[in-house]
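Have a look at model11.txt; it's compact mmCIF, C-alpha atoms and all ligand atoms:
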# COMPACT_ATOMS: atom_id res chain seq x y z
CA MET M 1 77.70 91.35 84.60
CA ASP M 2 75.45 88.37 83.96
CA GLU M 3 78.31 85.88 84.03
CA LEU M 4 79.05 86.61 87.72
CA GLN M 5 77.44 84.68 90.54
CA TYR M 6 77.81 84.52 94.30
CA THR M 7 77.66 80.90 95.40
CA LEU M 8 78.06 78.59 98.33
CA PHE M 9 81.65 78.42 99.58
CA ASP M 10 82.06 74.73 98.80
CA GLU M 11 84.94 72.23 98.55
CA VAL M 12 85.89 73.51 95.10
CA MET M 13 86.11 77.04 96.43
CA LEU M 14 88.08 75.78 99.40
CA GLU M 15 90.68 74.23 97.10
CA HIS M 16 91.07 77.43 95.08
CA SER M 17 91.18 79.63 98.15
CA PHE M 18 94.09 77.62 99.54
CA LYS M 19 96.18 78.95 96.65
CA TRP M 20 94.73 82.44 96.86
CA VAL M 21 95.24 83.07 100.56
CA ASN M 22 98.76 81.67 100.41
CA ASP M 23 99.76 83.93 97.51
CA PRO M 24 102.14 86.51 99.04
CA GLU M 25 100.70 89.49 97.13
CA ILE M 26 97.09 88.69 97.97
CA GLN M 27 98.05 87.80 101.52
CA SER M 28 99.60 91.20 102.02
CA LEU M 29 96.66 93.05 100.40
CA ILE M 30 94.12 91.28 102.61
CA GLN M 31 96.41 91.35 105.64
CA GLY M 32 96.21 87.58 105.90
CA VAL M 33 98.61 85.01 107.26
CA PRO M 34 99.84 81.75 105.70
CA VAL M 35 97.51 78.81 106.33
CA THR M 36 98.11 75.08 106.25
CA ARG M 37 95.64 72.63 104.71
CA GLN M 38 94.73 71.36 108.15
CA GLU M 39 94.05 74.84 109.54
CA GLN M 40 91.94 75.61 106.51
CA ARG M 41 89.98 72.36 106.85
CA GLU M 42 89.24 73.04 110.52
CA TRP M 43 88.10 76.56 109.62
CA PHE M 44 85.89 75.21 106.80
CA GLU M 45 84.21 72.62 109.00
CA LYS M 46 83.26 75.24 111.58
CA LEU M 47 81.60 77.52 109.01
CA PRO M 48 78.05 76.15 109.50
CA THR M 49 78.26 76.85 113.26
CA ARG M 50 79.25 80.50 112.91
CA ASN M 51 76.41 82.98 113.12
CA ASN M 52 78.42 86.20 112.88
CA PHE M 53 80.33 85.30 109.72
CA ILE M 54 79.07 84.89 106.17
CA ILE M 55 81.13 83.80 103.18
CA TRP M 56 80.22 83.44 99.51
CA GLY M 57 82.32 82.22 96.62
CA ILE M 58 82.48 84.31 93.44
CA ARG M 59 82.24 82.52 90.11
CA CYS M 60 82.71 84.09 86.70
CA LYS M 61 81.23 81.88 83.96
CA GLU M 62 81.25 79.09 86.58
CA ILE M 63 84.99 79.54 87.23
CA PRO M 64 85.93 80.27 90.87
CA VAL M 65 87.63 83.67 91.00
CA GLY M 66 87.35 84.89 94.57
CA ALA M 67 85.40 85.15 97.78
CA PHE M 68 83.67 87.79 99.84
CA GLY M 69 81.41 88.12 102.81
CA ILE M 70 80.49 89.86 106.03
CA LYS M 71 82.27 89.13 109.29
CA ASN M 72 82.05 90.31 112.91
CA ILE M 73 78.30 90.76 112.57
CA SER M 74 77.01 92.35 115.73
CA GLY M 75 73.44 93.61 115.89
CA ASP M 76 72.80 95.46 112.66
CA VAL M 77 76.46 96.16 111.85
CA GLY M 78 78.94 93.97 109.96
CA GLU M 79 82.44 94.11 108.50
CA TYR M 80 82.75 93.63 104.75
CA TRP M 81 85.70 91.61 103.46
CA GLY M 82 86.52 90.33 100.00
CA TYR M 83 89.10 89.57 97.38
CA ILE M 84 89.44 88.42 93.79
CA GLY M 85 91.92 85.57 94.15
CA ASP M 86 92.59 85.01 90.48
CA LYS M 87 94.64 88.04 89.43
CA ALA M 88 93.65 87.65 85.77
CA TYR M 89 90.25 88.98 86.87
CA TRP M 90 91.49 92.19 88.53
CA GLY M 91 90.48 95.51 87.01
CA MET M 92 87.54 94.16 85.00
CA GLY M 93 84.70 95.53 87.08
CA ILE M 94 84.17 92.52 89.35
CA GLY M 95 84.99 94.70 92.38
CA SER M 96 82.05 96.95 91.55
CA TRP M 97 79.82 93.91 91.20
CA MET M 98 81.04 92.70 94.64
CA MET M 99 80.10 96.06 96.17
CA LYS M 100 76.67 96.15 94.58
CA THR M 101 76.03 92.54 95.62
CA VAL M 102 77.20 92.82 99.22
CA ILE M 103 75.15 96.00 99.74
CA MET M 104 72.08 94.12 98.47
CA LEU M 105 72.84 91.12 100.71
CA ALA M 106 73.46 93.35 103.75
CA ARG M 107 70.09 94.99 103.14
CA GLU M 108 68.43 91.57 102.92
CA LYS M 109 70.01 90.68 106.26
CA LYS M 110 68.63 93.91 107.75
CA LEU M 111 72.08 95.33 108.44
CA LYS M 112 72.15 99.10 108.83
CA LYS M 113 75.88 99.64 108.45
CA LEU M 114 78.89 97.99 106.81
CA TYR M 115 82.46 98.89 107.68
CA LEU M 116 85.76 97.59 106.34
CA LYS M 117 89.48 97.75 106.95
CA VAL M 118 91.82 98.43 104.06
CA LEU M 119 95.49 99.26 103.63
CA ARG M 120 95.86 102.94 102.80
CA ASN M 121 98.18 102.16 99.88
CA ASN M 122 95.75 99.65 98.31
CA HIS M 123 94.59 102.33 95.89
CA ARG M 124 92.49 100.05 93.74
CA ALA M 125 90.47 98.90 96.74
CA VAL M 126 90.23 102.33 98.41
CA ASN M 127 89.04 103.90 95.14
CA LEU M 128 86.49 101.16 94.72
CA TYR M 129 85.09 101.67 98.22
CA LEU M 130 84.97 105.46 97.86
CA LYS M 131 83.12 105.06 94.59
CA TRP M 132 80.54 102.88 96.34
CA GLY M 133 79.88 105.38 99.12
CA PHE M 134 82.16 104.17 101.90
CA ASP M 135 83.56 107.10 103.91
CA ILE M 136 86.96 107.04 105.58
CA LYS M 137 86.39 107.02 109.34
CA LYS M 138 89.56 106.91 111.34
CA ASN M 139 93.03 105.47 111.59
CA GLU M 140 93.38 102.27 113.50
CA PHE M 141 96.50 100.52 114.83
CA ASN M 142 98.85 102.48 112.55
CA ASP M 143 98.95 104.85 109.62
CA GLU M 144 98.82 101.99 107.13
CA LEU M 145 95.28 100.87 107.80
CA ILE M 146 92.08 102.83 107.35
CA ILE M 147 88.53 102.10 108.35
CA MET M 148 85.69 102.96 106.01
CA GLU M 149 81.97 102.68 106.57
CA LYS M 150 78.69 102.98 104.78
CA LYS M 151 75.12 103.24 105.98
CA ILE M 152 72.80 100.74 104.35
CA GLN M 153 69.38 102.13 103.50
C1 LIG X 201 90.25 95.29 95.31
C2 LIG X 201 89.47 94.51 94.27
C3 LIG X 201 88.27 93.83 94.92
C4 LIG X 201 88.96 95.52 93.22
O1 LIG X 201 88.20 94.84 92.27
P1 LIG X 201 88.50 95.00 90.70
O2 LIG X 201 87.50 94.20 89.98
O3 LIG X 201 89.93 94.67 90.47
O4 LIG X 201 88.23 96.53 90.50
P2 LIG X 201 87.18 97.14 89.46
O5 LIG X 201 87.58 96.77 88.07
O6 LIG X 201 85.78 96.85 89.88
O7 LIG X 201 87.47 98.67 89.65
C5 LIG X 201 86.79 99.38 90.64
C6 LIG X 201 87.35 100.76 90.80
O8 LIG X 201 88.64 100.65 91.40
C7 LIG X 201 89.47 101.65 90.88
N1 LIG X 201 90.61 101.02 90.24
C8 LIG X 201 90.64 99.96 89.41
N2 LIG X 201 91.91 99.65 89.08
C9 LIG X 201 92.69 100.54 89.72
C10 LIG X 201 94.10 100.75 89.79
N3 LIG X 201 94.96 99.97 89.14
N4 LIG X 201 94.56 101.76 90.57
C11 LIG X 201 93.71 102.56 91.24
N5 LIG X 201 92.36 102.40 91.22
C12 LIG X 201 91.87 101.42 90.46
C13 LIG X 201 88.66 102.48 89.95
O9 LIG X 201 88.08 103.55 90.64
C14 LIG X 201 87.57 101.53 89.52
O10 LIG X 201 86.43 102.20 89.16
P3 LIG X 201 86.16 102.61 87.61
O11 LIG X 201 84.97 101.76 87.25
O12 LIG X 201 85.87 104.05 87.73
O13 LIG X 201 87.36 102.29 86.80
C15 LIG X 201 90.35 93.43 93.56
O14 LIG X 201 91.31 94.07 92.74
C16 LIG X 201 91.06 92.53 94.53
O15 LIG X 201 90.44 91.64 95.08
N6 LIG X 201 92.36 92.72 94.74
C17 LIG X 201 93.17 91.84 95.58
C18 LIG X 201 92.76 91.74 97.06
C19 LIG X 201 92.36 93.05 97.68
O16 LIG X 201 93.03 94.05 97.55
N7 LIG X 201 91.22 93.01 98.38
C20 LIG X 201 90.73 94.13 99.13
C21 LIG X 201 91.24 94.08 100.53
S1 LIG X 201 90.56 95.37 101.53
Step by step, read the file and then write its structure as structure tokens.
Amino acid sequence: MDELQYTLFDEVMLEHSFKWVNDPEIQSLIQGVPVTRQEQREWFEKLPTRNNFIIWGIRCKEIPVGAFGIKNISGDVGEYWGYIGDKAYWGMGIGSWMMKTVIMLAREKKLKKLYLKVLRNNHRAVNLYLKWGFDIKKNEFNDELIIMEKKIQ
């Protein structure tokens, strides 16, 4: 999809993501918590100092639609995370583009493995990850959450 780009997570993205992460449906799918503007601002200002966390904005025809990245980077392993915040863009293939892109970026960063945590009943996400070669590893915390991982070659 030529119209999709991963970009710097800038002030414009920050403004959009405030709505996205405070949307109850998205919040529950990404297992997030409500955030205030001040908390979000403090988080944003610390981004340049964090060396185990990467975030990119996703733009479709220049319009901010979501965010993704790699967190908890330790050695050559990192945790994938991501969401399409604008629900009008769900189910159009952007998830597959996110997978392809993050695998490429992980390879560039010399990571050897990506893992992720996903709610078992988030069928859209679980199907997407299975399709892109993530295997289900083990239950964690409770039956609701599964861990999936993929070797990066
Ligand atoms: C999960 C998410 C990234 C998927 O991206 P998407 O662009 O909506 O999904 P895609 O159109 O790329 O579809 C990818 C695959 O998911 C599966 N899928 C899509 N819609 C589905 C649905 N309604 N039910 C079940 N599986 C579905 C299909 O296997 C599809 O592959 P296909 O090409 O064979 O159809 C996106 O929907 C999203 O961000 N949702 C909200 C937040 C979230 O759940 N984030 C993940 C937290 S772990």
Open item on the list: as JSON, numbers by chain, please: every protein or nucleic acid residue near ligand LIG 201 (chain X) (cut-off 7 Å, counting all atoms listed in the file).
Closed with: {"M": [26, 29, 30, 81, 82, 83, 84, 85, 89, 90, 91, 92, 93, 94, 95, 96, 97, 117, 118, 119, 122, 123, 124, 125, 127, 128, 131]}
- [ ] For M:Lys71, please output as a VMD selection string all residues within 12 Å (counting only C-alpha atoms; exclusion window: fewer than 3 positions along the same chain).
- [x] chain M and resid 47 50 to 56 68 74 to 82 102 106 111 114 to 117
- [ ] Between M:Gly57, M:Gly133, M:Pro64, M:Gly69, single out the one closest to M:Lys150, counting only C-alpha atoms.
- [x]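 Closest candidate: M:Gly133.
Residues in contact with M:Phe44 at up to 9 Å, not including ones fewer than 5 positions away on its chain and judged by all atoms listed in the file, are Phe9, Asp10, Glu11, Leu14 and Glu39 of chain M.
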TODO: Kindly provide, as a ChimeraX atom specification, the polymer residues lying within 12 Å of (76.9, 81.4, 86.3), counting all atoms listed in the file and using the coordinates exactly as they appear in the file.
DONE: /M:1-7,57-65
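Interatomic distance, atom CA of M:Ile70 to atom CA of M:Thr101: 11.6 Å.
Our summary of the geometry notes that atom CA of M:Ile136 is positioned 27.2 Å from atom CA of M:Trp20.
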Task: Top pick for closest residue to M:Glu144, considering M:Lys109, M:Arg37, M:Lys100, M:Arg120 and counting all atoms listed in the file - done: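 Closest to M:Glu144, using all atoms listed in the file: M:Arg120.
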Six-sided padding of 5 Å per side, axis-aligned box over stretch 14-32 of chain M, centre and edges in Å, one decimal, as JSON:
{"center_x": 95.1, "center_y": 83.6, "center_z": 100.5, "size_x": 24.1, "size_y": 28.8, "size_z": 20.8}
Task: Atom-to-atom span, atom CA of M:Asp135 and atom CA of M:Ile147, Å - done: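 A separation of 8.3 Å between them.
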TODO: Select, from M:Glu108, M:Asp86, M:Glu45, M:Glu149, the residue with the minimum atom-to-atom distance to M:Asp23, counting all atoms listed in the file.
DONE: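 Answer, going by the shortest atom-to-atom distance: M:Asp86.
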- [ ] Give the answer as one residue: which of M:Arg107, M:Leu8, M:Leu130, M:Gly66 has the shortest atom-to-atom distance to M:Ile152, using all atoms listed in the file?
- [x] M:Arg107
May I ask you to restore N, CA and C atoms in stretch 85-96 of chain M and write the result as a short mmCIF file (atom, residue, chain, number, x, y, z; two decimals), in the coordinates of the input?
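Generated output (selection.cif):
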data_model
loop_
_atom_site.label_atom_id
_atom_site.label_comp_id
_atom_site.auth_asym_id
_atom_site.auth_seq_id
_atom_site.Cartn_x
_atom_site.Cartn_y
_atom_site.Cartn_z
N GLY M 85 90.70 86.36 93.96
CA GLY M 85 91.92 85.57 94.15
C GLY M 85 92.67 85.31 92.87
N ASP M 86 91.94 85.24 91.76
CA ASP M 86 92.59 85.01 90.48
C ASP M 86 92.92 86.37 89.86
N LYS M 87 94.21 86.69 89.82
CA LYS M 87 94.64 88.04 89.43
C LYS M 87 94.28 88.39 87.99
N ALA M 88 94.05 87.38 87.16
CA ALA M 88 93.65 87.65 85.77
C ALA M 88 92.33 88.39 85.73
N TYR M 89 91.59 88.36 86.84
CA TYR M 89 90.25 88.98 86.87
C TYR M 89 90.25 90.34 87.56
N TRP M 90 91.42 90.85 87.92
CA TRP M 90 91.49 92.19 88.53
C TRP M 90 91.22 93.25 87.46
N GLY M 91 90.63 94.35 87.90
CA GLY M 91 90.48 95.51 87.01
C GLY M 91 89.47 95.35 85.89
N MET M 92 88.53 94.39 86.06
CA MET M 92 87.54 94.16 85.00
C MET M 92 86.13 94.55 85.43
N GLY M 93 86.03 95.12 86.61
CA GLY M 93 84.70 95.53 87.08
C GLY M 93 84.06 94.56 88.08
N ILE M 94 84.76 93.48 88.40
CA ILE M 94 84.17 92.52 89.35
C ILE M 94 84.06 93.16 90.75
N GLY M 95 85.03 94.03 91.08
CA GLY M 95 84.99 94.70 92.38
C GLY M 95 83.70 95.51 92.53
N SER M 96 83.30 96.19 91.48
CA SER M 96 82.05 96.95 91.55
C SER M 96 80.85 96.02 91.72
#
